[in-house]
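Structure data follow from start-v3.pdb (PDB, C-alpha atoms):
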MODEL        1
ATOM      1  CA  MET A   5      46.033   7.477 213.159
ATOM      2  CA  ILE A   6      46.258  11.246 212.469
ATOM      3  CA  ALA A   7      42.600  11.712 213.450
ATOM      4  CA  ARG A   8      43.144   9.791 216.686
ATOM      5  CA  LEU A   9      46.007  12.115 217.598
ATOM      6  CA  GLY A  10      43.726  15.129 217.162
ATOM      7  CA  PHE A  11      45.352  16.447 213.978
ATOM      8  CA  TRP A  12      42.360  15.847 211.677
ATOM      9  CA  GLY A  13      38.724  16.681 212.121
ATOM     10  CA  PRO A  14      35.491  17.253 210.233
ATOM     11  CA  ARG A  15      36.589  20.563 208.666
ATOM     12  CA  SER A  16      40.342  19.993 208.384
ATOM     13  CA  GLY A  17      40.041  19.613 204.612
ATOM     14  CA  VAL A  18      38.380  23.021 204.329
ATOM     15  CA  GLY A  19      41.010  24.667 206.518
ATOM     16  CA  GLY A  20      43.841  22.840 204.793
ATOM     17  CA  GLY A  21      42.566  23.933 201.387
ATOM     18  CA  PHE A  22      42.409  27.577 202.448
ATOM     19  CA  ALA A  23      45.843  27.284 204.049
ATOM     20  CA  ALA A  24      47.292  25.870 200.826
ATOM     21  CA  PHE A  25      45.569  28.594 198.773
ATOM     22  CA  ALA A  26      46.981  31.400 200.950
ATOM     23  CA  PHE A  27      50.463  29.861 201.008
ATOM     24  CA  ILE A  28      50.656  29.246 197.245
ATOM     25  CA  LEU A  29      49.219  32.656 196.339
ATOM     26  CA  ASP A  30      51.647  34.501 198.607
ATOM     27  CA  GLN A  31      54.729  32.504 197.699
ATOM     28  CA  GLY A  32      53.887  32.617 193.992
ATOM     29  CA  PHE A  33      53.515  36.398 194.093
ATOM     30  CA  LYS A  34      56.766  36.773 196.028
ATOM     31  CA  PHE A  35      58.580  34.495 193.578
ATOM     32  CA  ALA A  36      57.351  36.608 190.663
ATOM     33  CA  MET A  37      58.275  39.893 192.354
ATOM     34  CA  LEU A  38      61.748  38.739 193.389
ATOM     35  CA  ASN A  39      62.727  36.613 190.388
ATOM     36  CA  ILE A  40      60.731  37.847 187.392
ATOM     37  CA  TRP A  41      60.230  41.551 188.161
ATOM     38  CA  ASP A  42      63.565  41.608 190.053
ATOM     39  CA  MET A  43      62.234  43.898 192.797
ATOM     40  CA  ARG A  44      65.608  43.720 194.545
ATOM     41  CA  HIS A  45      66.828  46.259 191.969
ATOM     42  CA  ILE A  46      63.626  48.229 191.351
ATOM     43  CA  ARG A  47      63.033  50.697 194.130
ATOM     44  CA  ARG A  48      59.371  51.470 193.508
ATOM     45  CA  ILE A  49      56.557  50.779 191.060
ATOM     46  CA  PRO A  50      53.949  53.547 191.333
ATOM     47  CA  VAL A  51      50.468  52.104 190.728
ATOM     48  CA  THR A  52      48.277  55.039 191.780
ATOM     49  CA  GLY A  53      48.813  58.294 193.629
ATOM     50  CA  PHE A  54      48.228  56.477 196.907
ATOM     51  CA  PHE A  55      49.501  52.931 196.252
ATOM     52  CA  ASP A  56      52.932  51.648 195.217
ATOM     53  CA  ILE A  57      54.633  48.302 194.988
ATOM     54  CA  VAL A  58      57.971  48.346 196.786
ATOM     55  CA  LEU A  59      60.219  45.766 198.387
ATOM     56  CA  ALA A  60      60.693  45.962 202.136
ATOM     57  CA  TRP A  61      62.273  43.249 204.255
ATOM     58  CA  ASN A  62      60.480  42.868 207.594
ATOM     59  CA  ARG A  63      62.630  41.316 210.313
ATOM     60  CA  GLY A  64      59.881  41.564 212.925
ATOM     61  CA  VAL A  65      56.285  40.523 213.213
ATOM     62  CA  SER A  66      53.239  42.619 212.272
ATOM     63  CA  TYR A  67      54.060  46.275 211.646
ATOM     64  CA  GLY A  68      57.748  45.426 212.128
ATOM     65  CA  LEU A  69      57.271  44.992 215.879
ATOM     66  CA  PHE A  70      59.880  42.961 217.756
ATOM     67  CA  ALA A  71      62.357  43.219 214.870
ATOM     68  CA  GLN A  72      65.104  40.636 215.160
ATOM     69  CA  HIS A  73      68.497  41.399 213.697
ATOM     70  CA  SER A  74      70.335  38.362 215.054
ATOM     71  CA  GLU A  75      70.217  34.775 213.862
ATOM     72  CA  MET A  76      68.974  33.683 217.281
ATOM     73  CA  GLY A  77      66.086  36.160 217.067
ATOM     74  CA  ARG A  78      65.257  35.064 213.534
ATOM     75  CA  TRP A  79      65.063  31.391 214.508
ATOM     76  CA  LEU A  80      63.114  32.241 217.650
ATOM     77  CA  LEU A  81      60.463  33.935 215.471
ATOM     78  CA  VAL A  82      60.464  30.858 213.201
ATOM     79  CA  ALA A  83      59.957  28.542 216.190
ATOM     80  CA  VAL A  84      57.187  30.684 217.701
ATOM     81  CA  THR A  85      55.377  30.943 214.350
ATOM     82  CA  LEU A  86      55.574  27.184 213.802
ATOM     83  CA  ALA A  87      54.332  26.493 217.344
ATOM     84  CA  VAL A  88      51.400  28.889 216.882
ATOM     85  CA  SER A  89      50.599  27.304 213.509
ATOM     86  CA  ILE A  90      50.513  23.837 215.073
ATOM     87  CA  GLY A  91      48.240  25.138 217.836
ATOM     88  CA  LEU A  92      45.927  26.703 215.243
ATOM     89  CA  TRP A  93      45.833  23.435 213.296
ATOM     90  CA  LEU A  94      44.865  21.516 216.439
ATOM     91  CA  TRP A  95      42.073  24.048 217.031
ATOM     92  CA  LEU A  96      41.016  23.740 213.390
ATOM     93  CA  ALA A  97      40.806  19.950 213.751
ATOM     94  CA  ARG A  98      38.066  20.435 216.385
ATOM     95  CA  MET A  99      35.980  22.854 214.310
ATOM     96  CA  LYS A 100      32.604  21.718 213.045
ATOM     97  CA  ARG A 101      31.721  24.660 210.781
ATOM     98  CA  ALA A 102      33.301  25.631 207.477
ATOM     99  CA  LEU A 103      33.546  29.411 207.945
ATOM    100  CA  PRO A 104      35.828  29.441 211.000
ATOM    101  CA  ALA A 105      37.775  26.524 209.493
ATOM    102  CA  ALA A 106      38.379  28.599 206.361
ATOM    103  CA  GLY A 107      39.477  31.509 208.565
ATOM    104  CA  ALA A 108      41.850  29.347 210.577
ATOM    105  CA  GLY A 109      43.235  27.945 207.331
ATOM    106  CA  LEU A 110      43.915  31.434 205.965
ATOM    107  CA  ILE A 111      45.751  32.342 209.174
ATOM    108  CA  ILE A 112      47.823  29.155 209.065
ATOM    109  CA  GLY A 113      48.648  29.536 205.363
ATOM    110  CA  GLY A 114      49.658  33.171 205.802
ATOM    111  CA  ALA A 115      51.788  32.389 208.833
ATOM    112  CA  LEU A 116      53.547  29.512 207.071
ATOM    113  CA  ALA A 117      54.160  31.671 203.977
ATOM    114  CA  ASN A 118      55.789  34.364 206.089
ATOM    115  CA  VAL A 119      57.827  31.835 208.073
ATOM    116  CA  THR A 120      59.046  30.382 204.773
ATOM    117  CA  ASP A 121      60.390  33.831 203.869
ATOM    118  CA  ARG A 122      62.080  34.077 207.232
ATOM    119  CA  ILE A 123      63.733  30.672 206.731
ATOM    120  CA  VAL A 124      64.756  31.240 203.087
ATOM    121  CA  HIS A 125      65.585  34.970 203.080
ATOM    122  CA  GLY A 126      66.129  35.808 206.753
ATOM    123  CA  ALA A 127      63.209  38.261 206.692
ATOM    124  CA  VAL A 128      59.686  38.557 205.316
ATOM    125  CA  ALA A 129      59.260  40.187 201.906
ATOM    126  CA  ASP A 130      56.559  42.895 201.917
ATOM    127  CA  PHE A 131      55.369  44.739 198.797
ATOM    128  CA  PHE A 132      52.128  46.706 199.146
ATOM    129  CA  TRP A 133      52.402  50.296 200.331
ATOM    130  CA  PHE A 134      49.439  52.652 200.771
ATOM    131  CA  HIS A 135      50.191  56.325 201.413
ATOM    132  CA  ILE A 136      48.294  59.589 201.304
ATOM    133  CA  GLY A 137      50.255  62.799 201.714
ATOM    134  CA  ARG A 138      52.410  62.346 204.786
ATOM    135  CA  PHE A 139      50.351  59.382 206.026
ATOM    136  CA  ASN A 140      52.006  56.035 205.330
ATOM    137  CA  TRP A 141      50.370  52.699 206.035
ATOM    138  CA  TYR A 142      52.715  49.865 206.838
ATOM    139  CA  ILE A 143      54.027  47.767 203.927
ATOM    140  CA  PHE A 144      52.443  44.310 203.774
ATOM    141  CA  ASN A 145      52.116  41.196 201.624
ATOM    142  CA  LEU A 146      49.452  38.685 200.549
ATOM    143  CA  ALA A 147      50.203  36.457 203.552
ATOM    144  CA  ASP A 148      49.331  39.382 205.821
ATOM    145  CA  VAL A 149      46.085  39.890 203.882
ATOM    146  CA  ALA A 150      45.254  36.189 204.380
ATOM    147  CA  ILE A 151      45.960  36.411 208.115
ATOM    148  CA  VAL A 152      43.753  39.496 208.542
ATOM    149  CA  ALA A 153      40.967  37.958 206.429
ATOM    150  CA  GLY A 154      41.201  34.757 208.469
ATOM    151  CA  VAL A 155      40.964  36.613 211.761
ATOM    152  CA  LEU A 156      37.960  38.560 210.455
ATOM    153  CA  LEU A 157      36.201  35.331 209.405
ATOM    154  CA  VAL A 158      36.787  33.729 212.796
ATOM    155  CA  LEU A 159      35.619  36.879 214.593
ATOM    156  CA  TYR A 160      32.557  37.219 212.364
ATOM    157  CA  GLU A 161      31.579  33.642 213.073
ATOM    158  CA  SER A 162      32.135  34.074 216.813
ATOM    159  CA  PHE A 163      29.847  37.136 216.932
ATOM    160  CA  THR A 164      27.098  35.800 214.675
ATOM    161  CA  ARG A 165      26.704  32.238 215.925
ATOM    162  CA  GLU A 166      25.293  30.999 219.180
ATOM    163  CA  HIS A 167      27.878  29.739 221.634
ATOM    164  CA  GLU A 168      28.651  26.208 220.551
ATOM    165  CA  ASN A 169      31.783  24.189 219.954
ATOM    166  CA  GLY A 170      33.631  24.692 216.720
TER     167      GLY A 170
ENDMDL
END
Exercise: express the given structure as structure tokens:
Amino acid sequence: MIARLGFWGPRSGVGGGFAAFAFILDQGFKFAMLNIWDMRHIRRIPVTGFFDIVLAWNRGVSYGLFAQHSEMGRWLLVAVTLAVSIGLWLWLARMKRALPAAGAGLIIGGALANVTDRIVHGAVADFFWFHIGRFNWYIFNLADVAIVAGVLLVLYESFTREHENG
């Protein structure tokens, strides 16, 4: 029945596995940082001269863009993220190759991990901060890494394969 509705395809298992991996890795790390290391009370853990672990709550999307400080804005971001994730899953269900399916799965898993934060905490927990001198890179999390890696896999596949479906 699910396959007939277009929700399952030849590489859905691959994408679903990568989505689950990204989601569990991100949420597990966040659980450890918030509940074991108690990052809510630790301001900063210096790792190197250019990398620290900090806790920053992101109320927007990538790079803090479109920050939402109202409940309506928060739930709008949740709804948009869920709609995009469903659209990505439908696209994944039509894929015939493993590499773009893995990429789509990483994107979906990362998006769902971040939306879980938004639902549970009201904002997305970010931890990784690179900085050199006065240059500061934005603070990000493992879900963001999964999303970027997924996009790169999909792009790599699109530039290295002949034009064909999937």
Practice item. Can you turn the PyMOL selection byres ((chain A and resi 60) around 6) into a concrete residue list for this file, as an MDAnalysis selection string? Key: chainID A and resid 59 61 129:130
**Study point:** Chain and number of each residue from the PyMOL selection byres ((chain A and resi 36-42) around 12), as number ranges by chain
**Key:** A: 28-35, 43-49, 57-61, 121, 125, 129-132, 145
When the PyMOL selection byres ((chain A and resi 86) around 12) is applied to the structure above, which residues does it catch, written out as a short mmCIF file (atom, residue, chain, number, x, y, z; two decimals) with C-alpha atoms, in the coordinates of the input?
data_model
loop_
_atom_site.label_atom_id
_atom_site.label_comp_id
_atom_site.auth_asym_id
_atom_site.auth_seq_id
_atom_site.Cartn_x
_atom_site.Cartn_y
_atom_site.Cartn_z
CA TRP A 79 65.06 31.39 214.51
CA LEU A 80 63.11 32.24 217.65
CA LEU A 81 60.46 33.94 215.47
CA VAL A 82 60.46 30.86 213.20
CA ALA A 83 59.96 28.54 216.19
CA VAL A 84 57.19 30.68 217.70
CA THR A 85 55.38 30.94 214.35
CA ALA A 87 54.33 26.49 217.34
CA VAL A 88 51.40 28.89 216.88
CA SER A 89 50.60 27.30 213.51
CA ILE A 90 50.51 23.84 215.07
CA GLY A 91 48.24 25.14 217.84
CA LEU A 92 45.93 26.70 215.24
CA TRP A 93 45.83 23.44 213.30
CA ILE A 112 47.82 29.16 209.06
CA GLY A 113 48.65 29.54 205.36
CA GLY A 114 49.66 33.17 205.80
CA ALA A 115 51.79 32.39 208.83
CA LEU A 116 53.55 29.51 207.07
CA ALA A 117 54.16 31.67 203.98
CA ASN A 118 55.79 34.36 206.09
CA VAL A 119 57.83 31.84 208.07
CA THR A 120 59.05 30.38 204.77
CA ARG A 122 62.08 34.08 207.23
CA ILE A 123 63.73 30.67 206.73
#
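The protein and nucleic acid residues lying at most 10 Å from Leu94 in chain A are Leu9, Gly10, Phe11, Trp12, Gly13, Ser16, Val88, Ser89 and Met99 of chain A, with all atoms listed in the file considered and sequence neighbours fewer than 5 positions away removed.
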Review point. So, counting all atoms listed in the file, which residue among A:Gly20, A:Pro14, A:Gly126, A:Gly107 is closest to Ile151 in chain A?
Key: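 The closest residue to Ile151 in chain A is A:Gly107.
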